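Q: I'm passing along start_9.pdb; it holds PDB, C-alpha atoms.
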```pdb
ATOM      1  CA  MET U   1     -17.255  64.473  41.467
ATOM      2  CA  ILE U   2     -17.886  64.697  45.214
ATOM      3  CA  THR U   3     -15.816  67.360  46.964
ATOM      4  CA  THR U   4     -14.768  67.133  50.613
ATOM      5  CA  LEU U   5     -13.219  69.354  53.238
ATOM      6  CA  VAL U   6     -10.947  67.470  55.669
ATOM      7  CA  VAL U   7     -10.756  68.907  59.192
ATOM      8  CA  ASP U   8      -8.267  67.533  61.729
ATOM      9  CA  ASP U   9      -5.597  69.160  63.867
ATOM     10  CA  ALA U  10      -3.080  66.424  62.975
ATOM     11  CA  GLY U  11      -1.367  66.989  59.654
ATOM     12  CA  SER U  12      -0.593  63.279  59.369
ATOM     13  CA  VAL U  13      -4.298  62.428  59.561
ATOM     14  CA  ARG U  14      -5.174  65.009  56.910
ATOM     15  CA  ARG U  15      -2.487  63.605  54.614
ATOM     16  CA  SER U  16      -3.709  60.046  55.160
ATOM     17  CA  LEU U  17      -7.276  61.017  54.354
ATOM     18  CA  ARG U  18      -6.162  62.876  51.243
ATOM     19  CA  LEU U  19      -4.217  59.819  50.067
ATOM     20  CA  LEU U  20      -7.131  57.512  50.824
ATOM     21  CA  LEU U  21      -9.659  59.621  48.953
ATOM     22  CA  ALA U  22      -7.252  60.089  46.039
ATOM     23  CA  THR U  23      -7.684  56.379  45.304
ATOM     24  CA  THR U  24     -11.418  56.842  44.672
ATOM     25  CA  PRO U  25     -12.547  57.919  41.190
ATOM     26  CA  ASP U  26     -15.480  60.020  42.401
ATOM     27  CA  ILE U  27     -14.198  61.862  45.502
ATOM     28  CA  ARG U  28     -11.591  64.596  45.833
ATOM     29  CA  VAL U  29     -10.345  66.754  48.699
ATOM     30  CA  ALA U  30     -11.107  70.415  48.004
ATOM     31  CA  GLY U  31      -9.398  71.760  51.115
ATOM     32  CA  GLU U  32      -8.058  71.153  54.608
ATOM     33  CA  ALA U  33      -8.472  72.836  57.990
ATOM     34  CA  SER U  34      -6.833  72.213  61.347
ATOM     35  CA  ASN U  35      -9.545  73.605  63.644
ATOM     36  CA  GLY U  36     -13.249  74.311  63.798
ATOM     37  CA  VAL U  37     -13.025  78.053  63.129
ATOM     38  CA  ASP U  38     -11.067  77.558  59.913
ATOM     39  CA  ALA U  39     -13.397  74.699  58.984
ATOM     40  CA  VAL U  40     -16.423  76.983  59.041
ATOM     41  CA  ARG U  41     -14.626  79.689  57.080
ATOM     42  CA  LEU U  42     -13.343  77.290  54.406
ATOM     43  CA  ALA U  43     -16.622  75.392  54.127
ATOM     44  CA  ARG U  44     -18.460  78.618  53.409
ATOM     45  CA  ALA U  45     -15.856  79.649  50.856
ATOM     46  CA  LEU U  46     -15.282  76.295  49.110
ATOM     47  CA  LYS U  47     -18.816  74.882  49.476
ATOM     48  CA  PRO U  48     -17.760  71.214  49.632
ATOM     49  CA  ASP U  49     -20.343  68.478  49.280
ATOM     50  CA  VAL U  50     -19.243  66.864  52.565
ATOM     51  CA  VAL U  51     -17.094  67.901  55.524
ATOM     52  CA  LEU U  52     -15.025  65.246  57.343
ATOM     53  CA  MET U  53     -14.713  66.593  60.881
ATOM     54  CA  ASP U  54     -12.631  65.677  63.901
ATOM     55  CA  LEU U  55     -14.105  66.771  67.241
ATOM     56  CA  ARG U  56     -11.392  67.766  69.695
ATOM     57  CA  MET U  57      -9.114  70.385  68.174
ATOM     58  CA  PRO U  58      -7.369  73.460  69.561
ATOM     59  CA  GLY U  59      -8.559  76.754  68.151
ATOM     60  CA  GLY U  60     -12.197  75.782  67.686
ATOM     61  CA  SER U  61     -13.964  72.501  68.426
ATOM     62  CA  GLY U  62     -15.586  70.247  65.897
ATOM     63  CA  LEU U  63     -18.889  70.328  67.777
ATOM     64  CA  ASP U  64     -19.113  74.113  67.449
ATOM     65  CA  ALA U  65     -18.242  73.857  63.765
ATOM     66  CA  ILE U  66     -20.935  71.224  63.175
ATOM     67  CA  ALA U  67     -23.556  73.496  64.744
ATOM     68  CA  ALA U  68     -22.421  76.415  62.569
ATOM     69  CA  LEU U  69     -22.428  74.371  59.360
ATOM     70  CA  SER U  70     -25.418  72.070  59.712
ATOM     71  CA  GLY U  71     -27.283  72.856  62.907
ATOM     72  CA  PRO U  72     -30.966  73.769  63.177
ATOM     73  CA  GLY U  73     -31.792  76.989  61.377
ATOM     74  CA  VAL U  74     -28.628  77.040  59.253
ATOM     75  CA  ASP U  75     -29.282  78.185  55.692
ATOM     76  CA  ASP U  76     -27.907  75.796  53.065
ATOM     77  CA  PRO U  77     -26.421  73.303  55.583
ATOM     78  CA  VAL U  78     -23.405  71.201  54.659
ATOM     79  CA  PRO U  79     -23.410  67.463  55.477
ATOM     80  CA  VAL U  80     -20.825  66.811  58.205
ATOM     81  CA  LEU U  81     -19.342  63.382  58.861
ATOM     82  CA  VAL U  82     -17.580  63.013  62.177
ATOM     83  CA  PHE U  83     -14.315  61.059  61.937
ATOM     84  CA  THR U  84     -12.683  60.763  65.334
ATOM     85  CA  THR U  85     -11.004  58.507  67.876
ATOM     86  CA  PHE U  86     -13.537  59.499  70.541
ATOM     87  CA  HIS U  87     -16.597  57.337  71.009
ATOM     88  CA  LEU U  88     -17.737  58.727  74.349
ATOM     89  CA  ASP U  89     -21.491  59.125  74.598
ATOM     90  CA  GLU U  90     -21.289  62.889  75.155
ATOM     91  CA  TYR U  91     -19.485  63.351  71.827
ATOM     92  CA  ILE U  92     -21.756  61.005  69.893
ATOM     93  CA  TYR U  93     -24.974  62.575  71.140
ATOM     94  CA  GLY U  94     -23.557  66.095  70.907
ATOM     95  CA  ALA U  95     -22.532  65.621  67.289
ATOM     96  CA  PHE U  96     -25.947  64.394  66.181
ATOM     97  CA  GLU U  97     -27.784  67.017  68.184
ATOM     98  CA  ARG U  98     -25.796  69.656  66.315
ATOM     99  CA  GLY U  99     -26.612  68.204  62.898
ATOM    100  CA  ALA U 100     -23.944  65.619  61.983
ATOM    101  CA  VAL U 101     -25.145  63.052  59.443
ATOM    102  CA  GLY U 102     -22.719  60.282  60.375
ATOM    103  CA  TYR U 103     -20.167  59.248  62.992
ATOM    104  CA  LEU U 104     -17.156  57.094  62.137
ATOM    105  CA  LEU U 105     -14.165  56.005  64.179
ATOM    106  CA  LYS U 106     -10.595  56.493  62.984
ATOM    107  CA  LYS U 107      -9.826  52.829  63.491
ATOM    108  CA  ASN U 108     -12.041  52.140  60.449
ATOM    109  CA  PRO U 109     -10.723  54.455  57.691
ATOM    110  CA  GLY U 110     -11.894  52.077  54.982
ATOM    111  CA  ASP U 111     -15.483  53.102  55.755
ATOM    112  CA  ILE U 112     -14.894  56.713  54.716
ATOM    113  CA  PRO U 113     -15.535  56.573  50.936
ATOM    114  CA  ALA U 114     -18.872  54.808  51.399
ATOM    115  CA  ALA U 115     -19.819  57.211  54.193
ATOM    116  CA  VAL U 116     -19.020  60.246  52.034
ATOM    117  CA  ARG U 117     -21.204  58.914  49.236
ATOM    118  CA  ALA U 118     -23.972  58.105  51.714
ATOM    119  CA  ALA U 119     -23.857  61.641  53.121
ATOM    120  CA  VAL U 120     -24.281  63.134  49.664
ATOM    121  CA  ASN U 121     -27.270  60.868  49.070
ATOM    122  CA  ALA U 122     -28.822  61.812  52.427
ATOM    123  CA  SER U 123     -28.177  58.313  53.706
ATOM    124  CA  ALA U 124     -26.439  58.710  57.035
ATOM    125  CA  LEU U 125     -23.840  56.134  57.956
ATOM    126  CA  GLN U 126     -22.279  55.392  61.314
ATOM    127  CA  SER U 127     -20.515  52.443  62.831
ATOM    128  CA  PRO U 128     -22.868  49.727  64.179
ATOM    129  CA  ALA U 129     -21.719  50.294  67.759
ATOM    130  CA  VAL U 130     -22.444  54.010  67.516
ATOM    131  CA  ARG U 131     -25.860  53.388  65.941
ATOM    132  CA  GLU U 132     -26.851  50.957  68.718
ATOM    133  CA  ARG U 133     -25.841  53.419  71.432
ATOM    134  CA  LEU U 134     -27.733  56.249  69.745
ATOM    135  CA  ILE U 135     -30.888  54.201  69.524
ATOM    136  CA  ALA U 136     -30.595  52.991  73.115
ATOM    137  CA  GLU U 137     -30.020  56.518  74.435
ATOM    138  CA  TYR U 138     -32.785  58.230  72.545
ATOM    139  CA  ALA U 139     -35.221  55.406  73.186
ATOM    140  CA  ARG U 140     -34.669  55.981  76.913
ATOM    141  CA  SER U 141     -35.347  59.693  76.530
ATOM    142  CA  SER U 142     -38.600  61.335  75.573
ATOM    143  CA  GLY U 143     -37.666  60.886  71.915
ATOM    144  CA  PRO U 144     -38.638  63.039  68.951
ATOM    145  CA  ALA U 145     -42.026  64.640  68.681
ATOM    146  CA  GLY U 146     -44.360  62.548  66.630
ATOM    147  CA  ALA U 147     -47.232  60.121  66.997
ATOM    148  CA  ALA U 148     -48.313  59.089  70.466
ATOM    149  CA  PRO U 149     -46.518  55.968  71.731
ATOM    150  CA  SER U 150     -49.873  54.204  72.117
ATOM    151  CA  GLU U 151     -50.294  54.152  68.346
ATOM    152  CA  SER U 152     -48.893  51.101  66.603
ATOM    153  CA  LEU U 153     -46.644  51.204  63.571
ATOM    154  CA  ALA U 154     -49.268  49.421  61.496
ATOM    155  CA  THR U 155     -51.801  52.216  61.965
ATOM    156  CA  LEU U 156     -49.416  54.840  60.610
ATOM    157  CA  LEU U 157     -47.164  53.145  58.068
ATOM    158  CA  THR U 158     -47.901  51.049  55.018
ATOM    159  CA  ASP U 159     -46.571  47.505  54.710
ATOM    160  CA  ARG U 160     -43.840  48.709  52.358
ATOM    161  CA  GLU U 161     -42.874  51.551  54.687
ATOM    162  CA  LEU U 162     -42.595  49.046  57.530
ATOM    163  CA  GLU U 163     -40.142  47.020  55.430
ATOM    164  CA  VAL U 164     -38.121  50.117  54.601
ATOM    165  CA  VAL U 165     -37.927  51.419  58.176
ATOM    166  CA  ALA U 166     -36.924  47.978  59.475
ATOM    167  CA  ALA U 167     -34.037  47.887  56.989
ATOM    168  CA  LEU U 168     -33.121  51.480  57.821
ATOM    169  CA  ALA U 169     -33.011  50.635  61.529
ATOM    170  CA  GLU U 170     -30.499  47.882  60.732
ATOM    171  CA  GLY U 171     -28.182  50.606  59.434
ATOM    172  CA  LEU U 172     -28.581  49.896  55.713
ATOM    173  CA  SER U 173     -28.029  52.667  53.181
ATOM    174  CA  ASN U 174     -30.669  53.644  50.621
ATOM    175  CA  LYS U 175     -28.861  51.608  47.981
ATOM    176  CA  GLN U 176     -28.687  48.542  50.227
ATOM    177  CA  ILE U 177     -32.366  48.875  51.119
ATOM    178  CA  ALA U 178     -33.230  49.141  47.429
ATOM    179  CA  VAL U 179     -31.344  45.925  46.638
ATOM    180  CA  GLN U 180     -32.782  44.053  49.616
ATOM    181  CA  LEU U 181     -36.391  45.032  48.828
ATOM    182  CA  ASN U 182     -36.041  45.028  45.051
ATOM    183  CA  LEU U 183     -36.930  48.716  44.792
ATOM    184  CA  GLY U 184     -35.471  51.690  42.978
ATOM    185  CA  GLU U 185     -33.221  53.889  45.109
ATOM    186  CA  ASN U 186     -35.429  56.928  44.418
ATOM    187  CA  THR U 187     -38.428  54.926  45.615
ATOM    188  CA  VAL U 188     -36.630  54.217  48.896
ATOM    189  CA  LYS U 189     -35.897  57.929  49.312
ATOM    190  CA  TRP U 190     -39.560  58.697  48.614
ATOM    191  CA  HIS U 191     -40.744  56.239  51.266
ATOM    192  CA  ILE U 192     -38.300  57.637  53.838
ATOM    193  CA  GLY U 193     -39.429  61.190  53.096
ATOM    194  CA  ASN U 194     -43.058  60.171  53.583
ATOM    195  CA  MET U 195     -42.243  58.521  56.897
ATOM    196  CA  LEU U 196     -40.357  61.585  58.138
ATOM    197  CA  ASP U 197     -43.466  63.661  57.412
ATOM    198  CA  LYS U 198     -45.824  61.146  59.036
ATOM    199  CA  THR U 199     -43.796  60.733  62.211
ATOM    200  CA  GLY U 200     -42.543  64.274  62.690
ATOM    201  CA  THR U 201     -38.945  63.091  62.834
ATOM    202  CA  ARG U 202     -36.151  65.073  61.226
ATOM    203  CA  ASP U 203     -33.672  62.462  60.033
ATOM    204  CA  ARG U 204     -33.002  58.752  59.517
ATOM    205  CA  THR U 205     -31.593  58.158  62.992
ATOM    206  CA  GLN U 206     -34.620  59.702  64.698
ATOM    207  CA  LEU U 207     -36.925  57.756  62.378
ATOM    208  CA  ALA U 208     -35.263  54.480  63.396
ATOM    209  CA  ILE U 209     -35.563  55.425  67.067
ATOM    210  CA  TRP U 210     -39.223  56.350  66.609
ATOM    211  CA  ALA U 211     -39.854  52.959  65.034
ATOM    212  CA  TYR U 212     -38.303  51.158  68.021
ATOM    213  CA  GLN U 213     -40.365  53.285  70.412
ATOM    214  CA  HIS U 214     -43.514  52.308  68.562
ATOM    215  CA  GLY U 215     -42.995  48.583  68.471
ATOM    216  CA  LEU U 216     -40.400  47.711  65.844
ATOM    217  CA  ASN U 217     -38.531  44.631  67.052
ATOM    218  CA  PRO U 218     -34.707  45.107  67.050
TER     219      PRO U 218
END
```
What does this structure look like when you write it as structure tokens?

A:
Amino acid sequence: MITTLVVDDAGSVRRSLRLLLATTPDIRVAGEASNGVDAVRLARALKPDVVLMDLRMPGGSGLDAIAALSGPGVDDPVPVLVFTTFHLDEYIYGAFERGAVGYLLKKNPGDIPAAVRAAVNASALQSPAVRERLIAEYARSSGPAGAAPSESLATLLTDRELEVVAALAEGLSNKQIAVQLNLGENTVKWHIGNMLDKTGTRDRTQLAIWAYQHGLNP
């Protein structure tokens, strides 16, 4: 059973999420918080598998809570899924920079169960619009440390890894990649882990961006 902590300053939203997740056989809500400070305290006490986090809340922001729960250098980080109405670039980039594994918009609540499962399986999930903006922004920046841009993908990745990273860049989960390429899900995870090591990237989103920077066609 996957346990979640729901964090939102609106009680109606917390109730709706609890009702939604109650319809799934494999996910349950272990606790609720109305601000970022309480979210950090409860997450450390309850140790949920995933935290569903709003961003703008009085009494402690979601961004600060994400950094405290899953930011660089945090021992035993907790996967945090952002679930918010805000899709401004500063929030999207800020959430991922602080360690969020996914970013969903409240207008699409039906995506939550799949996103929670993806977070547990280290398969980040975000809405297509968010993913495209992330890739565009980071591709314009200096990007993650890794191989020199002059090196081609083919010199660093195997043919199978090229297939996996192309599917990953489309936003597919590990399970979807496994079905598409006729591979085992653990094999997909193994390939992604190898590519993270080869490229010096830290997560799936940065790996997809790295691939675009090095010649992967969108």

Q: What separation in Å, quoted to one decimal, exists between CA of Leu183 in chain U and CA of Thr205 in chain U?

A: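 These atoms are spaced 21.2 Å apart.
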
Q: List the neighbours of Met53 in chain U out to 9 Å using all atoms listed in the file; skip same-chain residues closer than 4 positions along the sequence, and give me the result as a list in words.

A: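 What passes the distance filter is Leu5, Val6, Val7, Asp8, Gly36, Ala39, Gly62, Leu63, Ala65, Ile66, Val80, Leu81, Val82, Phe83 and Thr84 of chain U.
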
Q: When you count all atoms listed in the file, which of these residues is closest to Glu97 in chain U: U:Gln206, U:Thr187, U:Asn174, U:Thr155?

A: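 Smallest distance to Glu97 in chain U is found for U:Gln206.
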
Q: Might you spell out which residues the PyMOL selection byres ((chain U and resi 33) around 12) would select in the displayed file, as a PDB file with C-alpha atoms, keeping the file's coordinate frame?

A:
```
ATOM      1  CA  THR U   4     -14.768  67.133  50.613  1.00  0.00           C
ATOM      2  CA  LEU U   5     -13.219  69.354  53.238  1.00  0.00           C
ATOM      3  CA  VAL U   6     -10.947  67.470  55.669  1.00  0.00           C
ATOM      4  CA  VAL U   7     -10.756  68.907  59.192  1.00  0.00           C
ATOM      5  CA  ASP U   8      -8.267  67.533  61.729  1.00  0.00           C
ATOM      6  CA  ASP U   9      -5.597  69.160  63.867  1.00  0.00           C
ATOM      7  CA  ALA U  10      -3.080  66.424  62.975  1.00  0.00           C
ATOM      8  CA  GLY U  11      -1.367  66.989  59.654  1.00  0.00           C
ATOM      9  CA  VAL U  13      -4.298  62.428  59.561  1.00  0.00           C
ATOM     10  CA  ARG U  14      -5.174  65.009  56.910  1.00  0.00           C
ATOM     11  CA  ARG U  15      -2.487  63.605  54.614  1.00  0.00           C
ATOM     12  CA  VAL U  29     -10.345  66.754  48.699  1.00  0.00           C
ATOM     13  CA  ALA U  30     -11.107  70.415  48.004  1.00  0.00           C
ATOM     14  CA  GLY U  31      -9.398  71.760  51.115  1.00  0.00           C
ATOM     15  CA  GLU U  32      -8.058  71.153  54.608  1.00  0.00           C
ATOM     16  CA  SER U  34      -6.833  72.213  61.347  1.00  0.00           C
ATOM     17  CA  ASN U  35      -9.545  73.605  63.644  1.00  0.00           C
ATOM     18  CA  GLY U  36     -13.249  74.311  63.798  1.00  0.00           C
ATOM     19  CA  VAL U  37     -13.025  78.053  63.129  1.00  0.00           C
ATOM     20  CA  ASP U  38     -11.067  77.558  59.913  1.00  0.00           C
ATOM     21  CA  ALA U  39     -13.397  74.699  58.984  1.00  0.00           C
ATOM     22  CA  VAL U  40     -16.423  76.983  59.041  1.00  0.00           C
ATOM     23  CA  ARG U  41     -14.626  79.689  57.080  1.00  0.00           C
ATOM     24  CA  LEU U  42     -13.343  77.290  54.406  1.00  0.00           C
ATOM     25  CA  ALA U  43     -16.622  75.392  54.127  1.00  0.00           C
ATOM     26  CA  LEU U  46     -15.282  76.295  49.110  1.00  0.00           C
ATOM     27  CA  VAL U  51     -17.094  67.901  55.524  1.00  0.00           C
ATOM     28  CA  LEU U  52     -15.025  65.246  57.343  1.00  0.00           C
ATOM     29  CA  MET U  53     -14.713  66.593  60.881  1.00  0.00           C
ATOM     30  CA  ASP U  54     -12.631  65.677  63.901  1.00  0.00           C
ATOM     31  CA  MET U  57      -9.114  70.385  68.174  1.00  0.00           C
ATOM     32  CA  PRO U  58      -7.369  73.460  69.561  1.00  0.00           C
ATOM     33  CA  GLY U  59      -8.559  76.754  68.151  1.00  0.00           C
ATOM     34  CA  GLY U  60     -12.197  75.782  67.686  1.00  0.00           C
ATOM     35  CA  SER U  61     -13.964  72.501  68.426  1.00  0.00           C
ATOM     36  CA  GLY U  62     -15.586  70.247  65.897  1.00  0.00           C
ATOM     37  CA  ALA U  65     -18.242  73.857  63.765  1.00  0.00           C
TER      38      ALA U  65
END
```

Q: So, counting only C-alpha atoms, which residue among U:Leu20, U:Ala169, U:Leu156, U:Ile112 is closest to Asp203 in chain U?

A: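 Closest to Asp203 in chain U of all the choices is U:Ala169.
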
Q: What residues come out when you apply the PyMOL selection byres ((chain U and resi 196) around 12) to this file, written as a CSV table (one decimal) with C-alpha atoms, in the coordinates of the input?

A:
```csv
chain,number,residue,atom,x,y,z
U,144,PRO,CA,-38.6,63.0,69.0
U,145,ALA,CA,-42.0,64.6,68.7
U,146,GLY,CA,-44.4,62.5,66.6
U,147,ALA,CA,-47.2,60.1,67.0
U,156,LEU,CA,-49.4,54.8,60.6
U,157,LEU,CA,-47.2,53.1,58.1
U,161,GLU,CA,-42.9,51.6,54.7
U,165,VAL,CA,-37.9,51.4,58.2
U,189,LYS,CA,-35.9,57.9,49.3
U,190,TRP,CA,-39.6,58.7,48.6
U,191,HIS,CA,-40.7,56.2,51.3
U,192,ILE,CA,-38.3,57.6,53.8
U,193,GLY,CA,-39.4,61.2,53.1
U,194,ASN,CA,-43.1,60.2,53.6
U,195,MET,CA,-42.2,58.5,56.9
U,197,ASP,CA,-43.5,63.7,57.4
U,198,LYS,CA,-45.8,61.1,59.0
U,199,THR,CA,-43.8,60.7,62.2
U,200,GLY,CA,-42.5,64.3,62.7
U,201,THR,CA,-38.9,63.1,62.8
U,202,ARG,CA,-36.2,65.1,61.2
U,203,ASP,CA,-33.7,62.5,60.0
U,204,ARG,CA,-33.0,58.8,59.5
U,205,THR,CA,-31.6,58.2,63.0
U,206,GLN,CA,-34.6,59.7,64.7
U,207,LEU,CA,-36.9,57.8,62.4
U,208,ALA,CA,-35.3,54.5,63.4
U,209,ILE,CA,-35.6,55.4,67.1
U,210,TRP,CA,-39.2,56.4,66.6
U,211,ALA,CA,-39.9,53.0,65.0
```

Q: Need the neighbours of (-22.4, 60.4, 59.1): which residues are at most 12 Å away, counting all atoms listed in the file, as a ChimeraX atom specification?

A: /U:50-53,66,78-84,92,95-96,99-105,111-128,130-131,171,173,203-205

Q: Quick one: of U:Ser70, U:Lys175, U:Lys106, U:Tyr212, who's nearest to Leu17 in chain U, counting all atoms listed in the file?

A: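 Under the stated criterion, the closest residue is U:Lys106.
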
Q: Since I can't run it myself right now, could you work out what the PyMOL selection byres ((chain U and resi 27) around 6) selects here and report it as a ChimeraX atom specification?

A: /U:1-3,24,26,28

Q: Counting only C-alpha atoms, figure out which residue out of U:Ala154, U:Leu69, U:Val74, U:Leu55 gets nearest to Tyr91 in chain U.

A: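 With only C-alpha atoms as the atom set, the closest residue is U:Leu55.
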
Q: Box for range 19-24 of chain U - axis-aligned, 4 Å on each of the six sides, all listed atoms - centre and size in Å to one decimal, as AutoDock Vina command-line options.

A:
```
--center_x -7.8 --center_y 58.2 --center_z 47.7 --size_x 15.2 --size_y 11.7 --size_z 14.2
```

Q: State, in Å with one decimal place, the distance from CA of Val164 in chain U to CA of Ala178 in chain U.

A: 8.7 Å

Q: Out of U:Ser16, U:Ala68, U:Arg56, U:Leu181, which residue has the shortest atom-to-atom distance to Phe86 in chain U when counting only C-alpha atoms?

A: U:Arg56

Q: Just how far from CA of Thr23 in chain U is CA of Thr85 in chain U, in Å to one decimal?

A: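 Between these atoms lies a distance of 22.9 Å.
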
Q: Looking at all atoms listed in the file, which of U:Asp64, U:Asp49, U:Asp75, U:Glu163 is the one that sits closest to Gln180 in chain U?

A: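 With all atoms listed in the file as the atom set, the closest residue is U:Glu163.
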